[in-house]
file work-v9.pdb (PDB, C-alpha atoms)
ATOM      1  CA  MET A   7      -2.352  37.629 -24.163
ATOM      2  CA  ASN A   8       1.060  39.416 -24.255
ATOM      3  CA  GLY A   9       4.408  37.572 -24.031
ATOM      4  CA  GLY A  10       4.929  38.024 -20.270
ATOM      5  CA  GLY A  11       1.311  37.230 -19.491
ATOM      6  CA  PHE A  12       1.528  34.091 -21.591
ATOM      7  CA  TRP A  13       4.467  32.694 -19.624
ATOM      8  CA  ALA A  14       2.951  33.773 -16.288
ATOM      9  CA  MET A  15      -0.301  31.892 -17.054
ATOM     10  CA  GLY A  16      -2.276  34.239 -14.819
ATOM     11  CA  GLY A  17      -0.136  33.331 -11.800
ATOM     12  CA  TYR A  18      -0.535  29.572 -12.348
ATOM     13  CA  ALA A  19       2.703  29.059 -14.320
ATOM     14  CA  ARG A  20       4.219  26.737 -11.706
ATOM     15  CA  TYR A  21       1.289  24.352 -12.151
ATOM     16  CA  VAL A  22       0.524  24.701 -15.882
ATOM     17  CA  TRP A  23       4.030  24.433 -17.373
ATOM     18  CA  PRO A  24       5.153  21.364 -15.379
ATOM     19  CA  CYS A  25       1.997  19.571 -16.607
ATOM     20  CA  PHE A  26       2.853  20.252 -20.252
ATOM     21  CA  ALA A  27       6.530  19.413 -19.653
ATOM     22  CA  LEU A  28       5.551  16.131 -18.019
ATOM     23  CA  ALA A  29       3.236  15.328 -20.918
ATOM     24  CA  ALA A  30       6.106  15.971 -23.364
ATOM     25  CA  VAL A  31       8.348  13.632 -21.365
ATOM     26  CA  VAL A  32       5.687  10.875 -21.277
ATOM     27  CA  PHE A  33       5.018  11.165 -25.029
ATOM     28  CA  ALA A  34       8.748  11.169 -25.843
ATOM     29  CA  TRP A  35       9.403   8.195 -23.545
ATOM     30  CA  ASN A  36       6.568   6.225 -25.093
ATOM     31  CA  LEU A  37       7.785   6.834 -28.619
ATOM     32  CA  MET A  38      11.448   6.118 -27.869
ATOM     33  CA  SER A  39      10.802   2.990 -25.796
ATOM     34  CA  ALA A  40       8.385   1.589 -28.411
ATOM     35  CA  ARG A  41      10.884   2.119 -31.251
ATOM     36  CA  ARG A  42      13.701   0.709 -29.129
ATOM     37  CA  TYR A  43      11.558  -2.329 -28.261
ATOM     38  CA  HIS A  44      10.923  -3.008 -31.945
ATOM     39  CA  ALA A  45      14.596  -2.505 -32.836
ATOM     40  CA  ALA A  46      15.722  -4.865 -30.046
ATOM     41  CA  ALA A  47      13.241  -7.530 -31.211
ATOM     42  CA  ARG A  48      14.562  -7.234 -34.783
ATOM     43  CA  LEU A  49      18.126  -7.573 -33.528
ATOM     44  CA  ARG A  50      17.261 -10.676 -31.468
ATOM     45  CA  ALA A  51      15.506 -12.271 -34.431
ATOM     46  CA  ARG A  52      18.478 -11.507 -36.702
ATOM     47  CA  ARG A  53      20.924 -12.993 -34.176
ATOM     48  CA  ALA A  54      18.796 -16.139 -33.925
ATOM     49  CA  LEU A  55      18.865 -16.387 -37.707
ATOM     50  CA  ILE A  56      22.674 -15.986 -37.858
ATOM     51  CA  MET A  57      23.197 -18.549 -35.062
ATOM     52  CA  GLU A  58      20.950 -21.013 -36.853
ATOM     53  CA  ALA A  59      22.815 -20.519 -40.120
ATOM     54  CA  ALA A  60      26.163 -21.023 -38.349
ATOM     55  CA  GLU A  61      24.880 -24.231 -36.703
ATOM     56  CA  GLY A  62      23.674 -25.471 -40.088
ATOM     57  CA  ASP A  63      27.133 -24.853 -41.602
ATOM     58  CA  GLU A  64      28.743 -26.780 -38.724
ATOM     59  CA  HIS A  65      26.505 -29.790 -39.308
ATOM     60  CA  ARG A  66      27.248 -29.785 -43.023
ATOM     61  CA  SER A  67      31.058 -29.587 -42.613
TER      62      SER A  67
ATOM     63  CA  MET B  29     -17.358 -11.788 -43.996
ATOM     64  CA  TRP B  30     -14.995 -13.123 -41.336
ATOM     65  CA  THR B  31     -11.917 -12.881 -43.565
ATOM     66  CA  TRP B  32     -10.792  -9.619 -41.950
ATOM     67  CA  PHE B  33     -11.125 -11.223 -38.506
ATOM     68  CA  TYR B  34      -9.007 -14.217 -39.492
ATOM     69  CA  LYS B  35      -6.442 -11.868 -41.030
ATOM     70  CA  LEU B  36      -6.179 -10.077 -37.682
ATOM     71  CA  ALA B  37      -5.029 -13.372 -36.193
ATOM     72  CA  SER B  38      -2.234 -13.749 -38.751
ATOM     73  CA  PRO B  39       1.144 -12.519 -37.368
ATOM     74  CA  PRO B  40       2.683 -11.583 -40.764
ATOM     75  CA  HIS B  41      -0.452  -9.621 -41.662
ATOM     76  CA  VAL B  42      -0.467  -7.827 -38.302
ATOM     77  CA  TYR B  43       3.268  -7.075 -38.634
ATOM     78  CA  SER B  44       2.952  -5.552 -42.099
ATOM     79  CA  VAL B  45      -0.251  -3.603 -41.317
ATOM     80  CA  ALA B  46       1.326  -2.168 -38.133
ATOM     81  CA  GLY B  47       4.405  -1.141 -40.100
ATOM     82  CA  ALA B  48       2.287   0.573 -42.762
ATOM     83  CA  PHE B  49       0.019   2.440 -40.328
ATOM     84  CA  ALA B  50       2.602   3.609 -37.750
ATOM     85  CA  PRO B  51       4.109   6.566 -39.722
ATOM     86  CA  TRP B  52       0.631   7.817 -40.712
ATOM     87  CA  PHE B  53      -0.608   7.682 -37.145
ATOM     88  CA  LEU B  54       2.538   9.445 -35.948
ATOM     89  CA  GLY B  55       2.349  12.216 -38.557
ATOM     90  CA  LEU B  56      -1.344  12.901 -37.919
ATOM     91  CA  ALA B  57      -0.746  12.791 -34.145
ATOM     92  CA  ALA B  58       1.998  15.432 -34.469
ATOM     93  CA  LEU B  59      -0.374  17.710 -36.421
ATOM     94  CA  THR B  60      -3.378  17.354 -34.101
ATOM     95  CA  LEU B  61      -1.342  17.524 -30.904
ATOM     96  CA  GLY B  62       0.529  20.568 -32.221
ATOM     97  CA  PHE B  63      -2.744  22.324 -33.024
ATOM     98  CA  GLY B  64      -4.226  21.370 -29.639
ATOM     99  CA  VAL B  65      -1.243  22.631 -27.647
ATOM    100  CA  ILE B  66      -0.975  25.954 -29.504
ATOM    101  CA  ASP B  67      -4.722  26.607 -29.525
ATOM    102  CA  GLY B  68      -5.161  25.481 -25.917
ATOM    103  CA  LEU B  69      -2.261  27.482 -24.508
ATOM    104  CA  ALA B  70      -2.373  30.637 -26.617
ATOM    105  CA  PHE B  71      -5.874  31.143 -28.030
ATOM    106  CA  ALA B  72      -8.469  29.493 -25.759
ATOM    107  CA  PRO B  73      -9.881  32.069 -23.303
ATOM    108  CA  PRO B  74      -9.157  31.659 -19.579
ATOM    109  CA  ASP B  75     -11.872  30.073 -17.435
ATOM    110  CA  TYR B  76     -14.031  32.560 -15.506
ATOM    111  CA  GLN B  77     -13.393  30.719 -12.211
ATOM    112  CA  GLN B  78     -10.123  28.828 -12.642
ATOM    113  CA  GLY B  79      -8.304  31.381 -14.796
ATOM    114  CA  ASP B  80      -5.363  29.993 -16.796
ATOM    115  CA  ALA B  81      -5.024  26.977 -14.484
ATOM    116  CA  PHE B  82      -7.873  25.386 -16.455
ATOM    117  CA  ARG B  83      -5.393  24.878 -19.369
ATOM    118  CA  ILE B  84      -4.127  21.815 -17.504
ATOM    119  CA  ILE B  85      -7.291  20.142 -18.858
ATOM    120  CA  TYR B  86      -5.551  19.893 -22.266
ATOM    121  CA  VAL B  87      -3.104  17.320 -20.927
ATOM    122  CA  HIS B  88      -5.001  15.949 -17.932
ATOM    123  CA  ALA B  89      -8.333  15.006 -19.577
ATOM    124  CA  PRO B  90      -6.823  13.270 -22.659
ATOM    125  CA  ALA B  91      -4.377  11.374 -20.397
ATOM    126  CA  ALA B  92      -7.246  10.243 -18.141
ATOM    127  CA  TRP B  93      -9.397   9.234 -21.125
ATOM    128  CA  MET B  94      -6.509   7.331 -22.658
ATOM    129  CA  SER B  95      -5.773   5.514 -19.387
ATOM    130  CA  THR B  96      -9.264   3.939 -19.358
ATOM    131  CA  PHE B  97      -9.489   3.519 -23.150
ATOM    132  CA  ILE B  98      -6.163   1.659 -23.301
ATOM    133  CA  TYR B  99      -7.128  -0.491 -20.323
ATOM    134  CA  THR B 100     -10.387  -1.481 -22.029
ATOM    135  CA  THR B 101      -8.505  -2.227 -25.276
ATOM    136  CA  MET B 102      -6.038  -4.357 -23.302
ATOM    137  CA  ALA B 103      -8.854  -6.284 -21.573
ATOM    138  CA  VAL B 104     -10.725  -6.901 -24.857
ATOM    139  CA  ALA B 105      -7.491  -8.030 -26.576
ATOM    140  CA  GLY B 106      -6.687 -10.275 -23.593
ATOM    141  CA  ALA B 107     -10.199 -11.777 -23.743
ATOM    142  CA  ILE B 108      -9.791 -12.480 -27.480
ATOM    143  CA  GLY B 109      -6.476 -14.194 -26.715
ATOM    144  CA  LEU B 110      -7.983 -16.160 -23.848
ATOM    145  CA  ILE B 111     -11.289 -17.207 -25.423
ATOM    146  CA  TRP B 112     -10.292 -17.812 -29.055
ATOM    147  CA  ARG B 113      -6.641 -18.642 -28.279
ATOM    148  CA  ILE B 114      -5.501 -16.010 -30.747
ATOM    149  CA  LYS B 115      -1.850 -15.196 -30.047
ATOM    150  CA  MET B 116      -2.160 -11.725 -31.554
ATOM    151  CA  GLY B 117      -4.746 -10.864 -28.878
ATOM    152  CA  HIS B 118      -2.112 -11.425 -26.194
ATOM    153  CA  ALA B 119       0.450  -9.502 -28.268
ATOM    154  CA  VAL B 120      -1.871  -6.469 -28.463
ATOM    155  CA  ALA B 121      -2.599  -6.702 -24.729
ATOM    156  CA  ALA B 122       1.143  -6.857 -23.960
ATOM    157  CA  ALA B 123       1.800  -3.844 -26.215
ATOM    158  CA  CYS B 124      -0.970  -1.823 -24.517
ATOM    159  CA  ALA B 125       0.118  -2.272 -20.892
ATOM    160  CA  PRO B 126       3.194   0.009 -20.618
ATOM    161  CA  VAL B 127       1.569   2.761 -22.702
ATOM    162  CA  GLY B 128      -1.596   2.702 -20.593
ATOM    163  CA  ALA B 129       0.413   2.741 -17.367
ATOM    164  CA  SER B 130       2.353   5.811 -18.523
ATOM    165  CA  PHE B 131      -0.861   7.679 -19.414
ATOM    166  CA  THR B 132      -2.292   6.789 -15.987
ATOM    167  CA  VAL B 133       0.806   8.217 -14.286
ATOM    168  CA  LEU B 134       0.412  11.360 -16.411
ATOM    169  CA  ALA B 135      -3.289  11.674 -15.497
ATOM    170  CA  LEU B 136      -2.545  11.288 -11.782
ATOM    171  CA  ALA B 137       0.419  13.695 -11.809
ATOM    172  CA  THR B 138      -1.319  16.435 -13.813
ATOM    173  CA  GLY B 139      -4.489  15.988 -11.756
ATOM    174  CA  SER B 140      -2.411  16.448  -8.640
ATOM    175  CA  LEU B 141      -0.831  19.624 -10.064
ATOM    176  CA  TRP B 142      -4.310  20.913 -10.933
ATOM    177  CA  GLY B 143      -5.672  19.962  -7.504
ATOM    178  CA  LYS B 144      -3.212  22.102  -5.546
ATOM    179  CA  PRO B 145      -4.374  25.541  -6.788
ATOM    180  CA  MET B 146      -8.057  24.529  -7.087
ATOM    181  CA  TRP B 147      -8.647  22.302  -4.034
ATOM    182  CA  GLY B 148      -5.688  23.411  -1.903
ATOM    183  CA  THR B 149      -4.141  19.929  -1.872
ATOM    184  CA  TYR B 150      -2.118  17.730  -4.213
ATOM    185  CA  TRP B 151      -3.990  14.599  -3.186
ATOM    186  CA  ALA B 152      -7.312  13.658  -1.577
ATOM    187  CA  TRP B 153      -8.785  10.180  -1.109
ATOM    188  CA  ASP B 154     -11.584  11.140  -3.436
ATOM    189  CA  PRO B 155     -13.491   8.378  -5.350
ATOM    190  CA  ARG B 156     -12.251   9.534  -8.788
ATOM    191  CA  LEU B 157      -8.630   9.885  -7.676
ATOM    192  CA  THR B 158      -8.664   6.623  -5.717
ATOM    193  CA  SER B 159     -10.227   4.607  -8.571
ATOM    194  CA  GLU B 160      -7.656   6.067 -11.006
ATOM    195  CA  LEU B 161      -4.879   5.057  -8.594
ATOM    196  CA  ILE B 162      -6.364   1.530  -8.499
ATOM    197  CA  LEU B 163      -6.161   1.560 -12.315
ATOM    198  CA  LEU B 164      -2.426   2.258 -12.059
ATOM    199  CA  PHE B 165      -2.042  -0.673  -9.632
ATOM    200  CA  LEU B 166      -3.940  -2.873 -12.094
ATOM    201  CA  TYR B 167      -1.571  -1.877 -14.898
ATOM    202  CA  VAL B 168       1.434  -2.608 -12.662
ATOM    203  CA  GLY B 169      -0.151  -5.953 -11.744
ATOM    204  CA  VAL B 170      -0.710  -6.895 -15.396
ATOM    205  CA  LEU B 171       2.872  -5.915 -16.322
ATOM    206  CA  SER B 172       4.358  -7.812 -13.368
ATOM    207  CA  LEU B 173       2.198 -10.895 -13.868
ATOM    208  CA  ARG B 174       3.167 -11.225 -17.534
ATOM    209  CA  SER B 175       6.865 -11.181 -16.712
ATOM    210  CA  ALA B 176       6.539 -13.371 -13.588
ATOM    211  CA  PHE B 177       6.176 -16.643 -15.508
ATOM    212  CA  GLU B 178       8.985 -18.453 -17.301
ATOM    213  CA  ASP B 179       6.419 -19.867 -19.704
ATOM    214  CA  ALA B 180       5.306 -16.845 -21.765
ATOM    215  CA  ALA B 181       1.936 -18.432 -22.641
ATOM    216  CA  ARG B 182       1.046 -18.851 -18.948
ATOM    217  CA  GLY B 183       2.103 -15.249 -18.288
ATOM    218  CA  ASP B 184      -0.149 -14.098 -21.139
ATOM    219  CA  ARG B 185      -3.134 -16.011 -19.769
ATOM    220  CA  ALA B 186      -2.632 -14.782 -16.192
ATOM    221  CA  ALA B 187      -2.214 -11.155 -17.329
ATOM    222  CA  ALA B 188      -5.321 -11.410 -19.541
ATOM    223  CA  LEU B 189      -7.355 -12.769 -16.642
ATOM    224  CA  LEU B 190      -6.305  -9.919 -14.349
ATOM    225  CA  ALA B 191      -7.003  -7.359 -17.119
ATOM    226  CA  ILE B 192     -10.511  -8.784 -17.631
ATOM    227  CA  VAL B 193     -11.300  -8.824 -13.901
ATOM    228  CA  GLY B 194      -9.913  -5.298 -13.496
ATOM    229  CA  VAL B 195     -12.044  -3.843 -16.290
ATOM    230  CA  VAL B 196     -14.842  -3.522 -13.724
ATOM    231  CA  ASN B 197     -12.862  -0.511 -12.436
ATOM    232  CA  VAL B 198     -13.381   1.415 -15.705
ATOM    233  CA  PRO B 199     -17.104   2.228 -15.204
ATOM    234  CA  ILE B 200     -16.330   2.895 -11.531
ATOM    235  CA  ILE B 201     -13.816   5.581 -12.592
ATOM    236  CA  HIS B 202     -16.304   7.088 -15.047
ATOM    237  CA  TYR B 203     -19.321   7.167 -12.725
ATOM    238  CA  SER B 204     -17.439   7.838  -9.462
ATOM    239  CA  VAL B 205     -18.309  11.552  -9.727
ATOM    240  CA  VAL B 206     -22.003  10.647 -10.062
ATOM    241  CA  TRP B 207     -22.280   7.820  -7.514
ATOM    242  CA  TRP B 208     -20.365   9.485  -4.658
ATOM    243  CA  ASN B 209     -19.725  12.962  -3.333
ATOM    244  CA  SER B 210     -16.567  14.029  -5.097
ATOM    245  CA  LEU B 211     -14.193  16.977  -5.127
ATOM    246  CA  HIS B 212     -13.620  16.190  -8.791
ATOM    247  CA  GLN B 213     -15.787  18.012 -11.326
ATOM    248  CA  GLY B 214     -18.452  16.084 -13.235
ATOM    249  CA  ALA B 215     -18.491  15.251 -16.956
ATOM    250  CA  THR B 216     -17.616  18.221 -19.148
ATOM    251  CA  VAL B 217     -17.658  16.820 -22.676
ATOM    252  CA  ALA B 218     -19.000  13.247 -22.564
ATOM    253  CA  LYS B 219     -22.518  13.881 -21.361
ATOM    254  CA  LEU B 220     -25.911  13.741 -22.994
ATOM    255  CA  GLY B 221     -26.990  17.027 -24.485
ATOM    256  CA  LYS B 222     -24.706  20.032 -24.798
ATOM    257  CA  PRO B 223     -21.167  19.847 -23.364
ATOM    258  CA  SER B 224     -20.705  22.329 -20.487
ATOM    259  CA  ILE B 225     -17.617  23.864 -22.089
ATOM    260  CA  ASP B 226     -17.377  26.750 -24.545
ATOM    261  CA  THR B 227     -16.512  25.741 -28.121
ATOM    262  CA  ALA B 228     -13.384  27.943 -28.050
ATOM    263  CA  MET B 229     -12.139  25.740 -25.200
ATOM    264  CA  LEU B 230     -13.629  22.526 -26.597
ATOM    265  CA  TRP B 231     -11.832  22.410 -29.976
ATOM    266  CA  PRO B 232      -8.300  22.230 -28.554
ATOM    267  CA  LEU B 233      -9.504  19.605 -26.072
ATOM    268  CA  LEU B 234     -10.982  17.431 -28.836
ATOM    269  CA  SER B 235      -7.830  17.960 -30.879
ATOM    270  CA  MET B 236      -5.653  16.820 -27.967
ATOM    271  CA  LEU B 237      -7.869  13.774 -27.463
ATOM    272  CA  LEU B 238      -7.715  12.827 -31.142
ATOM    273  CA  GLY B 239      -3.959  13.448 -31.168
ATOM    274  CA  SER B 240      -3.493  11.223 -28.110
ATOM    275  CA  MET B 241      -5.522   8.444 -29.762
ATOM    276  CA  LEU B 242      -3.439   8.683 -32.943
ATOM    277  CA  PHE B 243      -0.238   8.771 -30.899
ATOM    278  CA  PHE B 244      -1.365   5.641 -29.046
ATOM    279  CA  GLY B 245      -2.064   4.056 -32.443
ATOM    280  CA  ALA B 246       1.503   4.790 -33.578
ATOM    281  CA  VAL B 247       3.126   3.566 -30.364
ATOM    282  CA  LEU B 248       0.921   0.458 -30.363
ATOM    283  CA  CYS B 249       2.034  -0.335 -33.935
ATOM    284  CA  PHE B 250       5.743  -0.050 -33.026
ATOM    285  CA  ARG B 251       5.323  -2.131 -29.854
ATOM    286  CA  LEU B 252       3.137  -4.671 -31.627
ATOM    287  CA  GLN B 253       5.789  -5.194 -34.299
ATOM    288  CA  GLY B 254       8.291  -5.895 -31.506
ATOM    289  CA  GLU B 255       5.882  -8.278 -29.757
ATOM    290  CA  VAL B 256       5.185 -10.169 -32.994
ATOM    291  CA  LEU B 257       8.910 -10.555 -33.728
ATOM    292  CA  ASN B 258       9.604 -11.767 -30.176
ATOM    293  CA  ARG B 259       6.822 -14.330 -30.374
ATOM    294  CA  GLU B 260       7.421 -15.496 -33.972
ATOM    295  CA  ARG B 261      11.216 -15.482 -34.042
ATOM    296  CA  GLN B 262      11.389 -19.074 -35.329
ATOM    297  CA  ALA B 263       8.698 -18.649 -37.996
ATOM    298  CA  SER B 264       9.695 -18.853 -41.654
ATOM    299  CA  TRP B 265       7.958 -15.581 -42.549
ATOM    300  CA  VAL B 266      10.172 -13.714 -40.012
ATOM    301  CA  ARG B 267      13.272 -15.154 -41.695
ATOM    302  CA  GLN B 268      11.997 -14.066 -45.069
ATOM    303  CA  ALA B 269      11.141 -10.592 -43.765
ATOM    304  CA  LEU B 270      14.558 -10.145 -42.148
ATOM    305  CA  LYS B 271      16.449 -11.431 -45.169
ATOM    306  CA  SER B 272      14.658  -9.062 -47.546
TER     307      SER B 272
END
call {"tool": "encode", "arguments": {"input": "work-v9.pdb", "output": "structure tokens"}}
result
Amino acid sequence: MNGGGFWAMGGYARYVWPCFALAAVVFAWNLMSARRYHAAARLRARRALIMEAAEGDEHRS
Amino acid sequence: MWTWFYKLASPPHVYSVAGAFAPWFLGLAALTLGFGVIDGLAFAPPDYQQGDAFRIIYVHAPAAWMSTFIYTTMAVAGAIGLIWRIKMGHAVAAACAPVGASFTVLALATGSLWGKPMWGTYWAWDPRLTSELILLFLYVGVLSLRSAFEDAARGDRAAALLAIVGVVNVPIIHYSVVWWNSLHQGATVAKLGKPSIDTAMLWPLLSMLLGSMLFFGAVLCFRLQGEVLNRERQASWVRQALKS
């Protein structure tokens, strides 16, 4: 397949390329949202830990 | 013998195993998906009837497979959570739902884009398409149900119940092309005997499927770590893990 023929996809380019682009978007979204979800959970747990430590200090003083 | 099973129920064990496996899954997924995309787009020969439009199979079929595979995983995990009251079962089910829903959307959208040049329409109320759409509604139902309750445990139980009831749709999706007259083509790879696809076209397809499974494994690990932290925030092991 030559360069032009490759991009033309035998006349089906407007169906083939959007499918692959959509797949790339779905894969990227999945990865980013999963990592963000984990990071947000870590942050929440850390905050809870800091709040608890601050409350403990208050009780002691 | 059951030690591994009990370990699966232990949040700190699940958290550390997920953290260890995620980068491996992601790296292997990148390799297999990369090979599948390049081989499928540039080296696989065009189909004698569908021409280059057949290359949509390399994203459509893995997405459709993953949509049912993830749903089944979610239902099994939900059942484990419901029957044995294992919290990690609900955590796995919760981590599966958004990923499965996104793969279902991808399967429906790419199927629609494939349908236009081959069938002359983006959508038909065909048994395979309709049952796949029902799968998307089930995913949306599970996601909504889990977040509809203030008490997270009740949300988990309700979502698990819906996932288990909805799993009946999975064999319906698979056999819809056999049981009813369908525009959709029959099984290409998963059938007894020889697959009805040339090996030059089959390898990239299998590579894309394996890559999608590994990618799901990686995303599941990341989401599962988040779920475990959200559910075990007050536990002493979380404090230790965050301090270190």
call {"tool": "interface_residues", "arguments": {"input": "work-v9.pdb", "of": "chain B", "to": "chain A", "cutoff": "7 Å", "atoms": "only C-alpha atoms", "output": "VMD selection string"}}
result
chain B and resid 79 to 81 83 to 84 87 127 130 134 138 141 to 142 247 250 to 251 253 to 254 257 to 258 261 267 270
call {"tool": "resolve_selection", "arguments": {"input": "work-v9.pdb", "expression": "the PyMOL selection byres ((chain B and resi 92) around 9)", "output": "MDAnalysis selection string"}}
result
chainID B and resid 87:91 93:97 131:132 134:136 160
call {"tool": "closest_residue", "arguments": {"input": "work-v9.pdb", "among": "B:Leu211, B:Ala119, B:Met229, B:Ile108", "to": "B:Asp67", "atoms": "all atoms listed in the file"}}
result
B:Met229
call {"tool": "resolve_selection", "arguments": {"input": "work-v9.pdb", "expression": "the PyMOL selection byres ((chain B and resi 39) around 9)", "output": "list in words"}}
result
Lys35, Leu36, Ala37, Ser38, Pro40, His41, Val42, Tyr43, Ser44, Lys115, Met116, Val256, Leu257 and Glu260 of chain B
call {"tool": "atom_distance", "arguments": {"input": "work-v9.pdb", "atom1": "atom CA of B:Met146", "atom2": "atom CA of B:Gly68"}}
result
19.1 Å
call {"tool": "resolve_selection", "arguments": {"input": "work-v9.pdb", "expression": "the PyMOL selection byres ((chain B and resi 244) around 9)", "output": "NGL selection string"}}
result
(:A and (36)) or (:B and (53-54 or 57 or 94 or 98 or 124 or 127-128 or 239-243 or 245-249))
call {"tool": "residues_around", "arguments": {"input": "work-v9.pdb", "residues": "stretch 193-205 of chain B", "least_positions_apart": "2", "cutoff": "8 Å", "atoms": "all atoms listed in the file", "output": "number ranges by chain"}}
result
B: 96, 99-100, 103, 155-156, 159-160, 162-163, 166, 189-191, 207-210, 212-214
call {"tool": "axis_aligned_box", "arguments": {"input": "work-v9.pdb", "around": "stretch 26-33 of chain A", "padding_each_side": "6 Å", "output": "JSON"}}
result
{"center_x": 5.6, "center_y": 15.6, "center_z": -21.5, "size_x": 17.5, "size_y": 21.4, "size_z": 19.0}
call {"tool": "closest_residue", "arguments": {"input": "work-v9.pdb", "among": "B:Leu56, B:Ala121, B:Leu157, B:Ala72", "to": "B:Thr227", "atoms": "only C-alpha atoms"}}
result
B:Ala72
call {"tool": "closest_residue", "arguments": {"input": "work-v9.pdb", "among": "B:Ala228, B:Ala269, B:Ala129, B:Ala263", "to": "B:Asp75", "atoms": "all atoms listed in the file"}}
result
B:Ala228
call {"tool": "atom_distance", "arguments": {"input": "work-v9.pdb", "atom1": "atom CA of B:Ala187", "atom2": "atom CA of B:Arg174"}}
result
5.4 Å
call {"tool": "residues_near_point", "arguments": {"input": "work-v9.pdb", "point": "(-1.4, 28.1, -30.3)", "cutoff": "12 Å", "atoms": "only C-alpha atoms", "output": "PDB file with C-alpha atoms, in the frame of the given file"}}
result
ATOM      1  CA  MET A   7      -2.352  37.629 -24.163  1.00  0.00           C
ATOM      2  CA  PHE A  12       1.528  34.091 -21.591  1.00  0.00           C
TER       3      PHE A  12
ATOM      4  CA  THR B  60      -3.378  17.354 -34.101  1.00  0.00           C
ATOM      5  CA  LEU B  61      -1.342  17.524 -30.904  1.00  0.00           C
ATOM      6  CA  GLY B  62       0.529  20.568 -32.221  1.00  0.00           C
ATOM      7  CA  PHE B  63      -2.744  22.324 -33.024  1.00  0.00           C
ATOM      8  CA  GLY B  64      -4.226  21.370 -29.639  1.00  0.00           C
ATOM      9  CA  VAL B  65      -1.243  22.631 -27.647  1.00  0.00           C
ATOM     10  CA  ILE B  66      -0.975  25.954 -29.504  1.00  0.00           C
ATOM     11  CA  ASP B  67      -4.722  26.607 -29.525  1.00  0.00           C
ATOM     12  CA  GLY B  68      -5.161  25.481 -25.917  1.00  0.00           C
ATOM     13  CA  LEU B  69      -2.261  27.482 -24.508  1.00  0.00           C
ATOM     14  CA  ALA B  70      -2.373  30.637 -26.617  1.00  0.00           C
ATOM     15  CA  PHE B  71      -5.874  31.143 -28.030  1.00  0.00           C
ATOM     16  CA  ALA B  72      -8.469  29.493 -25.759  1.00  0.00           C
ATOM     17  CA  PRO B  73      -9.881  32.069 -23.303  1.00  0.00           C
ATOM     18  CA  TRP B 231     -11.832  22.410 -29.976  1.00  0.00           C
ATOM     19  CA  PRO B 232      -8.300  22.230 -28.554  1.00  0.00           C
TER      20      PRO B 232
END
call {"tool": "atom_distance", "arguments": {"input": "work-v9.pdb", "atom1": "atom CA of B:Gly106", "atom2": "atom CA of B:Trp32"}}
result
18.8 Å
call {"tool": "decode", "arguments": {"input": "work-v9.pdb", "residues": "stretch 38-49 of chain A", "atoms": "N, CA and C atoms", "output": "PDB file, in the first residue's frame"}}
result
ATOM      1  N   MET A  38      -6.382   8.113  31.952  1.00  0.00           N
ATOM      2  CA  MET A  38      -6.275   9.364  32.711  1.00  0.00           C
ATOM      3  C   MET A  38      -7.255   9.383  33.875  1.00  0.00           C
ATOM      4  N   SER A  39      -8.504   8.972  33.617  1.00  0.00           N
ATOM      5  CA  SER A  39      -9.508   9.026  34.694  1.00  0.00           C
ATOM      6  C   SER A  39      -9.173   8.030  35.803  1.00  0.00           C
ATOM      7  N   ALA A  40      -8.619   6.861  35.436  1.00  0.00           N
ATOM      8  CA  ALA A  40      -8.256   5.872  36.464  1.00  0.00           C
ATOM      9  C   ALA A  40      -7.124   6.397  37.329  1.00  0.00           C
ATOM     10  N   ARG A  41      -6.123   7.016  36.717  1.00  0.00           N
ATOM     11  CA  ARG A  41      -4.974   7.542  37.481  1.00  0.00           C
ATOM     12  C   ARG A  41      -5.419   8.711  38.362  1.00  0.00           C
ATOM     13  N   ARG A  42      -6.319   9.537  37.778  1.00  0.00           N
ATOM     14  CA  ARG A  42      -6.821  10.690  38.531  1.00  0.00           C
ATOM     15  C   ARG A  42      -7.646  10.219  39.733  1.00  0.00           C
ATOM     16  N   TYR A  43      -8.424   9.158  39.518  1.00  0.00           N
ATOM     17  CA  TYR A  43      -9.267   8.598  40.584  1.00  0.00           C
ATOM     18  C   TYR A  43      -8.398   8.110  41.749  1.00  0.00           C
ATOM     19  N   HIS A  44      -7.321   7.430  41.406  1.00  0.00           N
ATOM     20  CA  HIS A  44      -6.389   6.927  42.419  1.00  0.00           C
ATOM     21  C   HIS A  44      -5.709   8.087  43.148  1.00  0.00           C
ATOM     22  N   ALA A  45      -5.285   9.094  42.373  1.00  0.00           N
ATOM     23  CA  ALA A  45      -4.604  10.249  42.976  1.00  0.00           C
ATOM     24  C   ALA A  45      -5.548  10.999  43.912  1.00  0.00           C
ATOM     25  N   ALA A  46      -6.811  11.162  43.503  1.00  0.00           N
ATOM     26  CA  ALA A  46      -7.789  11.873  44.333  1.00  0.00           C
ATOM     27  C   ALA A  46      -8.047  11.100  45.624  1.00  0.00           C
ATOM     28  N   ALA A  47      -8.115   9.771  45.525  1.00  0.00           N
ATOM     29  CA  ALA A  47      -8.346   8.938  46.718  1.00  0.00           C
ATOM     30  C   ALA A  47      -7.178   9.061  47.681  1.00  0.00           C
ATOM     31  N   ARG A  48      -5.966   9.094  47.156  1.00  0.00           N
ATOM     32  CA  ARG A  48      -4.759   9.260  47.991  1.00  0.00           C
ATOM     33  C   ARG A  48      -4.791  10.591  48.729  1.00  0.00           C
ATOM     34  N   LEU A  49      -5.185  11.633  47.965  1.00  0.00           N
ATOM     35  CA  LEU A  49      -5.245  12.984  48.520  1.00  0.00           C
ATOM     36  C   LEU A  49      -6.272  13.046  49.662  1.00  0.00           C
TER      37      LEU A  49
END
